[in-house]
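Visitor: Data file structure-v8.tsv (TSV, C-alpha atoms) is appended below.
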```
chain	number	residue	atom	x	y	z
A	26	MET	CA	18.59	-27.26	-6.89
A	27	LYS	CA	21.69	-26.23	-8.78
A	28	GLY	CA	22.95	-23.53	-11.10
A	29	LYS	CA	21.96	-19.86	-10.85
A	30	LEU	CA	18.96	-18.87	-8.74
A	31	LEU	CA	16.79	-15.75	-8.74
A	32	ASP	CA	15.14	-15.00	-5.40
A	33	LEU	CA	12.26	-12.88	-6.68
A	34	GLY	CA	10.71	-10.72	-3.99
A	35	CYS	CA	13.50	-11.83	-1.68
A	36	GLY	CA	12.80	-9.51	1.27
A	37	ASN	CA	15.47	-10.24	3.88
A	38	LYS	CA	16.39	-13.52	2.11
A	39	PRO	CA	15.14	-15.99	4.75
A	40	TYR	CA	15.98	-18.98	2.51
A	41	SER	CA	19.48	-17.89	1.43
A	42	GLU	CA	21.21	-20.17	3.94
A	43	ILE	CA	19.53	-23.10	2.21
A	44	TYR	CA	19.91	-22.28	-1.47
A	45	ASN	CA	23.42	-20.78	-1.20
A	46	GLU	CA	24.68	-24.20	-0.07
A	47	VAL	CA	23.51	-25.94	-3.24
A	48	CYS	CA	23.36	-23.26	-5.96
A	49	ASP	CA	26.38	-21.91	-7.83
A	50	LYS	CA	25.10	-18.34	-7.59
A	51	SER	CA	22.06	-16.46	-6.34
A	52	VAL	CA	20.62	-13.01	-6.99
A	53	GLY	CA	18.07	-11.24	-4.80
A	54	CYS	CA	15.46	-8.94	-6.32
A	55	ASP	CA	12.85	-6.85	-4.51
A	56	VAL	CA	10.88	-3.64	-4.88
A	57	PRO	CA	12.53	-0.38	-3.71
A	58	PHE	CA	9.70	0.18	-1.20
A	59	SER	CA	10.07	-3.23	0.46
A	60	LEU	CA	9.13	-3.42	4.14
A	61	HIS	CA	12.35	-5.34	4.76
A	62	ARG	CA	14.53	-2.27	5.22
A	63	LYS	CA	17.69	-4.07	6.35
A	64	ALA	CA	17.78	-6.56	3.50
A	65	THR	CA	20.75	-6.73	1.15
A	66	VAL	CA	19.24	-6.84	-2.34
A	67	GLU	CA	21.26	-6.96	-5.54
A	68	VAL	CA	18.53	-5.66	-7.85
A	69	LEU	CA	15.75	-3.24	-6.94
A	70	CYS	CA	12.77	-3.34	-9.31
A	71	PRO	CA	9.15	-4.52	-9.49
A	72	ALA	CA	8.61	-8.13	-10.51
A	73	GLU	CA	6.88	-6.83	-13.66
A	74	GLU	CA	10.22	-5.37	-14.83
A	75	ILE	CA	12.72	-8.17	-14.25
A	76	ASP	CA	13.01	-8.68	-18.00
A	77	LYS	CA	14.70	-5.26	-18.14
A	78	HIS	CA	17.34	-6.20	-15.56
A	79	PHE	CA	18.18	-9.81	-16.41
A	80	GLU	CA	19.14	-11.68	-19.57
A	81	THR	CA	16.78	-14.03	-21.38
A	82	GLU	CA	17.08	-17.57	-19.97
A	83	GLU	CA	19.64	-16.43	-17.40
A	84	PHE	CA	18.47	-18.54	-14.45
A	85	ASP	CA	18.15	-22.24	-13.69
A	86	ILE	CA	15.80	-21.65	-10.76
A	87	VAL	CA	13.37	-18.91	-9.77
A	88	LEU	CA	12.16	-18.80	-6.16
A	89	CYS	CA	9.03	-16.69	-5.64
A	90	THR	CA	7.50	-17.02	-2.17
A	91	GLU	CA	4.46	-15.01	-1.06
A	92	VAL	CA	5.04	-12.42	-3.78
A	93	LEU	CA	2.49	-12.89	-6.56
A	94	GLU	CA	-0.43	-11.58	-4.49
A	95	HIS	CA	1.44	-8.29	-4.03
A	96	THR	CA	2.11	-7.64	-7.73
A	97	ALA	CA	0.01	-5.22	-9.76
A	98	ASP	CA	0.07	-7.47	-12.86
A	99	ASP	CA	0.50	-11.13	-11.91
A	100	GLN	CA	0.10	-12.30	-15.52
A	101	LYS	CA	3.06	-10.18	-16.61
A	102	VAL	CA	5.14	-11.43	-13.68
A	103	ILE	CA	4.67	-15.06	-14.73
A	104	ARG	CA	5.48	-14.16	-18.35
A	105	ASN	CA	8.67	-12.44	-17.22
A	106	ILE	CA	9.67	-15.42	-15.08
A	107	ASN	CA	9.30	-17.53	-18.22
A	108	LYS	CA	11.63	-15.11	-20.04
A	109	VAL	CA	14.47	-15.18	-17.51
A	110	LEU	CA	14.21	-18.92	-16.76
A	111	LYS	CA	16.00	-21.52	-18.89
A	112	ILE	CA	14.16	-24.29	-20.71
A	113	ASN	CA	13.49	-27.08	-18.17
A	114	GLY	CA	14.33	-24.60	-15.42
A	115	THR	CA	12.45	-24.83	-12.12
A	116	LEU	CA	10.01	-22.36	-10.61
A	117	LEU	CA	9.31	-22.67	-6.88
A	118	ILE	CA	6.33	-20.53	-5.99
A	119	SER	CA	4.07	-20.13	-2.96
A	120	VAL	CA	0.91	-18.04	-2.53
A	121	PRO	CA	-1.71	-17.55	0.18
A	122	TYR	CA	-5.34	-18.61	-0.22
A	123	ILE	CA	-7.39	-18.30	2.98
A	124	TYR	CA	-5.28	-15.74	4.77
A	125	VAL	CA	-5.56	-12.28	6.28
A	126	THR	CA	-4.69	-9.07	4.43
A	127	HIS	CA	-0.99	-8.34	4.89
A	128	GLU	CA	1.45	-5.61	3.86
A	129	PRO	CA	-1.36	-3.21	2.87
A	130	PRO	CA	-2.01	-1.51	0.54
A	131	PHE	CA	0.01	-3.88	-1.65
A	132	ASP	CA	-2.14	-6.98	-1.18
A	133	TYR	CA	-4.29	-7.48	-4.26
A	134	ARG	CA	-5.60	-11.06	-4.56
A	135	ARG	CA	-5.78	-14.69	-3.40
A	136	TYR	CA	-5.30	-17.89	-5.41
A	137	THR	CA	-7.06	-21.23	-5.44
A	138	VAL	CA	-4.82	-24.12	-6.44
A	139	TYR	CA	-6.73	-24.26	-9.74
A	140	GLY	CA	-6.17	-20.57	-10.43
A	141	LEU	CA	-2.44	-20.77	-9.80
A	142	LYS	CA	-2.04	-23.89	-11.94
A	143	ASN	CA	-4.03	-22.20	-14.72
A	144	ILE	CA	-1.85	-19.10	-14.86
A	145	LEU	CA	1.31	-21.24	-14.88
A	146	GLU	CA	0.16	-23.68	-17.55
A	147	ARG	CA	-1.00	-20.85	-19.83
A	148	ASN	CA	2.55	-19.49	-19.68
A	149	ASN	CA	4.28	-22.75	-20.65
A	150	PHE	CA	4.96	-24.18	-17.21
A	151	GLU	CA	4.34	-27.82	-16.33
A	152	VAL	CA	3.22	-28.18	-12.72
A	153	THR	CA	5.06	-31.17	-11.21
A	154	ASN	CA	4.24	-30.88	-7.50
A	155	VAL	CA	1.51	-29.16	-5.48
A	156	PHE	CA	1.55	-28.90	-1.68
A	157	SER	CA	-0.87	-27.36	0.77
A	158	MET	CA	0.25	-25.25	3.73
A	159	GLY	CA	-2.52	-26.73	5.85
A	160	ALA	CA	-6.27	-27.18	5.76
A	161	THR	CA	-9.38	-25.97	7.60
A	162	PHE	CA	-7.91	-25.96	11.11
A	163	SER	CA	-4.76	-24.11	10.00
A	164	SER	CA	-6.85	-21.48	8.22
A	165	TRP	CA	-9.07	-21.06	11.24
A	166	PHE	CA	-6.08	-20.78	13.58
A	167	PHE	CA	-4.31	-18.04	11.64
A	168	ILE	CA	-7.42	-15.96	11.06
A	169	PHE	CA	-8.44	-16.24	14.74
A	170	TYR	CA	-4.88	-15.58	15.91
A	171	TYR	CA	-4.34	-12.46	13.80
A	172	SER	CA	-7.81	-11.13	14.61
A	173	LEU	CA	-7.11	-11.56	18.31
A	174	VAL	CA	-3.72	-9.84	18.04
A	175	LYS	CA	-5.24	-6.89	16.19
A	176	SER	CA	-7.97	-6.60	18.82
A	177	VAL	CA	-5.46	-6.61	21.68
A	178	PHE	CA	-3.32	-3.91	20.05
A	179	PHE	CA	-6.47	-1.85	19.44
A	180	VAL	CA	-7.50	-2.07	23.10
A	181	PHE	CA	-4.04	-1.00	24.28
A	182	LYS	CA	-4.02	1.86	21.79
A	183	LYS	CA	-7.34	3.12	23.14
A	184	ALA	CA	-5.88	2.89	26.64
A	185	GLY	CA	-3.04	5.21	25.64
A	186	PHE	CA	-0.33	2.68	24.81
A	187	LYS	CA	0.58	3.63	21.24
A	188	ASN	CA	3.05	2.03	18.81
A	189	LEU	CA	3.19	-1.25	20.73
A	190	HIS	CA	3.16	-3.06	17.40
A	191	ASN	CA	6.62	-1.58	16.70
A	192	ASN	CA	8.11	-2.96	19.92
A	193	ASN	CA	10.35	-5.97	19.18
A	194	TYR	CA	9.84	-7.51	22.62
A	195	ILE	CA	6.05	-7.26	22.41
A	196	ASN	CA	6.09	-8.73	18.91
A	197	ALA	CA	8.28	-11.60	20.10
A	198	ILE	CA	5.79	-12.44	22.87
A	199	VAL	CA	2.81	-12.13	20.56
A	200	SER	CA	4.47	-14.47	18.04
A	201	ILE	CA	4.84	-17.36	20.52
A	202	PRO	CA	1.48	-19.05	19.65
A	203	GLU	CA	2.27	-18.89	15.93
A	204	TYR	CA	5.76	-20.30	16.55
A	205	LEU	CA	4.42	-23.18	18.65
A	206	PHE	CA	1.79	-23.97	16.03
A	207	TYR	CA	4.48	-24.01	13.36
A	208	LYS	CA	6.85	-26.24	15.36
A	209	SER	CA	4.11	-28.74	16.16
A	210	ASN	CA	3.00	-29.11	12.52
A	211	ILE	CA	6.09	-28.60	10.35
A	212	HIS	CA	6.97	-32.33	10.44
A	213	ILE	CA	3.61	-33.13	8.85
A	214	PHE	CA	4.25	-30.72	5.99
A	215	LYS	CA	7.80	-32.08	5.49
A	216	ASN	CA	6.53	-35.65	5.26
A	217	ARG	CA	3.88	-34.71	2.71
A	218	LEU	CA	6.53	-32.79	0.77
A	219	ILE	CA	8.93	-35.74	0.73
A	220	ASN	CA	6.24	-38.25	-0.22
A	221	ASN	CA	4.61	-35.90	-2.76
A	222	THR	CA	1.23	-36.62	-1.16
A	223	ALA	CA	-1.81	-35.60	-3.20
A	224	LEU	CA	-4.01	-32.80	-1.87
A	225	THR	CA	-6.99	-33.82	0.22
A	226	VAL	CA	-10.43	-32.33	-0.44
A	227	ASN	CA	-10.06	-30.34	2.77
A	228	GLU	CA	-6.75	-28.86	1.59
A	229	ILE	CA	-8.22	-27.88	-1.77
A	230	TYR	CA	-11.19	-26.03	-0.29
A	231	SER	CA	-9.73	-24.37	2.79
A	232	SER	CA	-5.94	-24.12	2.80
A	233	PRO	CA	-3.99	-21.10	4.09
A	234	GLY	CA	-1.96	-21.33	0.88
A	235	TYR	CA	-0.12	-23.46	-1.65
A	236	PHE	CA	3.44	-24.28	-2.65
A	237	ILE	CA	4.00	-25.36	-6.25
A	238	VAL	CA	6.96	-26.73	-8.17
A	239	ALA	CA	6.79	-26.12	-11.93
A	240	LYS	CA	9.09	-26.66	-14.90
A	241	LYS	CA	9.39	-24.34	-17.88
A	242	THR	CA	8.60	-26.40	-20.96
A	243	GLU	CA	9.20	-23.75	-23.64
A	244	SER	CA	9.64	-20.02	-24.13
A	245	LEU	CA	6.69	-17.75	-24.85
```
When written as structure tokens, how does the structure in this file appear?
Guide:
Amino acid sequence: MKGKLLDLGCGNKPYSEIYNEVCDKSVGCDVPFSLHRKATVEVLCPAEEIDKHFETEEFDIVLCTEVLEHTADDQKVIRNINKVLKINGTLLISVPYIYVTHEPPFDYRRYTVYGLKNILERNNFEVTNVFSMGATFSSWFFIFYYSLVKSVFFVFKKAGFKNLHNNNYINAIVSIPEYLFYKSNIHIFKNRLINNTALTVNEIYSSPGYFIVAKKTESL
């Protein structure tokens, strides 16, 4: 990673400490109604309108994590990424597949690995790497975990304890199982990332989501 980076749908910029060490410059872009209220964002606009705010072929890298499923027109978003990305520039993109509804009502779709590759290749991107964020057990864990959390909050709400989901301490406690699951499995994902391991059948059919590296081959 080098050059100028666009963090598209940046939220509170959780990856800025990584990319700011290796990139010459970075720009964060997010929607004005983002749930990340305390984030410092340079450009406020929908992903469908980045071509109005940035120059053609302005960026060497575009980072787009867990964003595409929240866009009203995902086809236009990919076309616009092609516009602002340089030839041979890199797109790093992640999307959920088997995952719960999140950030409603702005959660519109899910992607198979084939669907995501198709939309990229039709917009002049060459997919170079594909990684899974887990397989059947990971999908089962997250769906069970979030369903259980929602049920617990519902029971407490009925008992008269309202707005517990806005309490930082309660959320920290509730997040412990997810954190432990992450810490116990992240080394597996890193190894597969480093070795560029091909997807297993299990990962293709029942992954929580996918992370793809693609290169822009030519402008639209």
Visitor: Quick one: contact table of region 45-134 of chain A to region 219-232 of chain A, 9 Å max, nearest atom pair and distance in Å to one decimal per residue, counting only C-alpha atoms, chain and number order, as a tab-separated table?
Guide:
```
residue	atom	partner	partner_atom	distance
A:Pro121	CA	A:Ser232	CA	8.2
A:Tyr122	CA	A:Ser232	CA	6.3
A:Ile123	CA	A:Ser232	CA	6.0
A:Tyr124	CA	A:Ser232	CA	8.6
```
Visitor: Using all atoms listed in the file, which residues sit within 7 Å of Leu110 (chain A) once same-chain residues fewer than 3 positions away are excluded, as a list of chain:residue names?
Guide: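 Near Leu110 (chain A), the qualifying residues are A:Glu82, A:Glu83, A:Phe84, A:Asp85, A:Ile86, A:Ile106, A:Asn107, A:Gly114.
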Visitor: Please determine, counting only C-alpha atoms, which residue among A:Gly234, A:Val199, A:Ser59, A:Cys48 has the shortest atom-to-atom distance to Cys35 (chain A).
Guide: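 Residue with the minimum atom-to-atom distance to Cys35 (chain A): A:Ser59.
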Visitor: Excluding Pro233 (chain A) and its own-chain neighbours fewer than 6 positions away, which residues fall within 9 Å of it when counting all atoms listed in the file? Please give them as a ChimeraX atom specification.
Guide: /A:120-124,157-161,163-165,167
Visitor: So how many Å separate CA of Val177 (chain A) and CA of Asn37 (chain A), to one decimal?
Guide: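 These atoms are spaced 27.7 Å apart.
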Visitor: Within 6 Å of region 131-144 of chain A, counting only C-alpha atoms, which residues qualify if same-chain residues fewer than 3 places away don't, as a PyMOL selection string?
Guide: chain A and resi 94-95+122+128+147
Visitor: Please, what is the axis-aligned box for every listed atom of region 216-232 of chain A with 5 Å on each side, as centre and edge lengths in Å to one decimal, as AutoDock Vina command-line options?
Guide:
```
--center_x -1.1 --center_y -31.2 --center_z 1.0 --size_x 30.1 --size_y 24.1 --size_z 18.5
```
Visitor: Excluding Lys175 (chain A) and any residue of its chain fewer than 5 positions from it, enumerate the residues within 12 Å of it, using only C-alpha atoms, and give them as a list in words.
Guide: Val125, Thr126, Ile168, Phe169, Tyr170, Val180, Phe181, Lys182, Leu189, His190, Asn196 and Val199 of chain A
Visitor: Which residues, protein or nucleic acid, reach to within 12 Å of (17.0, -9.4, -16.8) in the file's coordinates when using all atoms listed in the file, and can you give that as number ranges by chain?
Guide: A: 31, 33, 52, 54, 68-84, 105-110
Visitor: Could you check how far CA of Glu243 (chain A) sits from CA of Thr90 (chain A), in Å to one decimal?
Guide: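 Between CA of Glu243 (chain A) and CA of Thr90 (chain A) the gap works out to 22.6 Å.
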Visitor: One decimal, in Å: what's the spacing between CA of Leu116 (chain A) and CA of Lys240 (chain A)?
Guide: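 It comes out at 6.1 Å.
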Visitor: With all atoms listed in the file as the basis for distance, which of A:Asn148, A:Val174, A:Asn188, A:Phe162 is at the shortest distance from Pro202 (chain A)?
Guide: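 Using all atoms listed in the file, the shortest distance to Pro202 (chain A) belongs to A:Val174.
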Visitor: Using all atoms listed in the file, which of A:Glu146, A:Glu42, A:Asp99, A:Asp55 sits nearest Lys241 (chain A)?
Guide: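 Nearest to Lys241 (chain A): A:Glu146.
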Visitor: Excluding Phe166 (chain A) and its own-chain neighbours fewer than 5 positions away, which residues fall within 9 Å of it when counting all atoms listed in the file? Please give them as a count of residues only.
Guide: 4
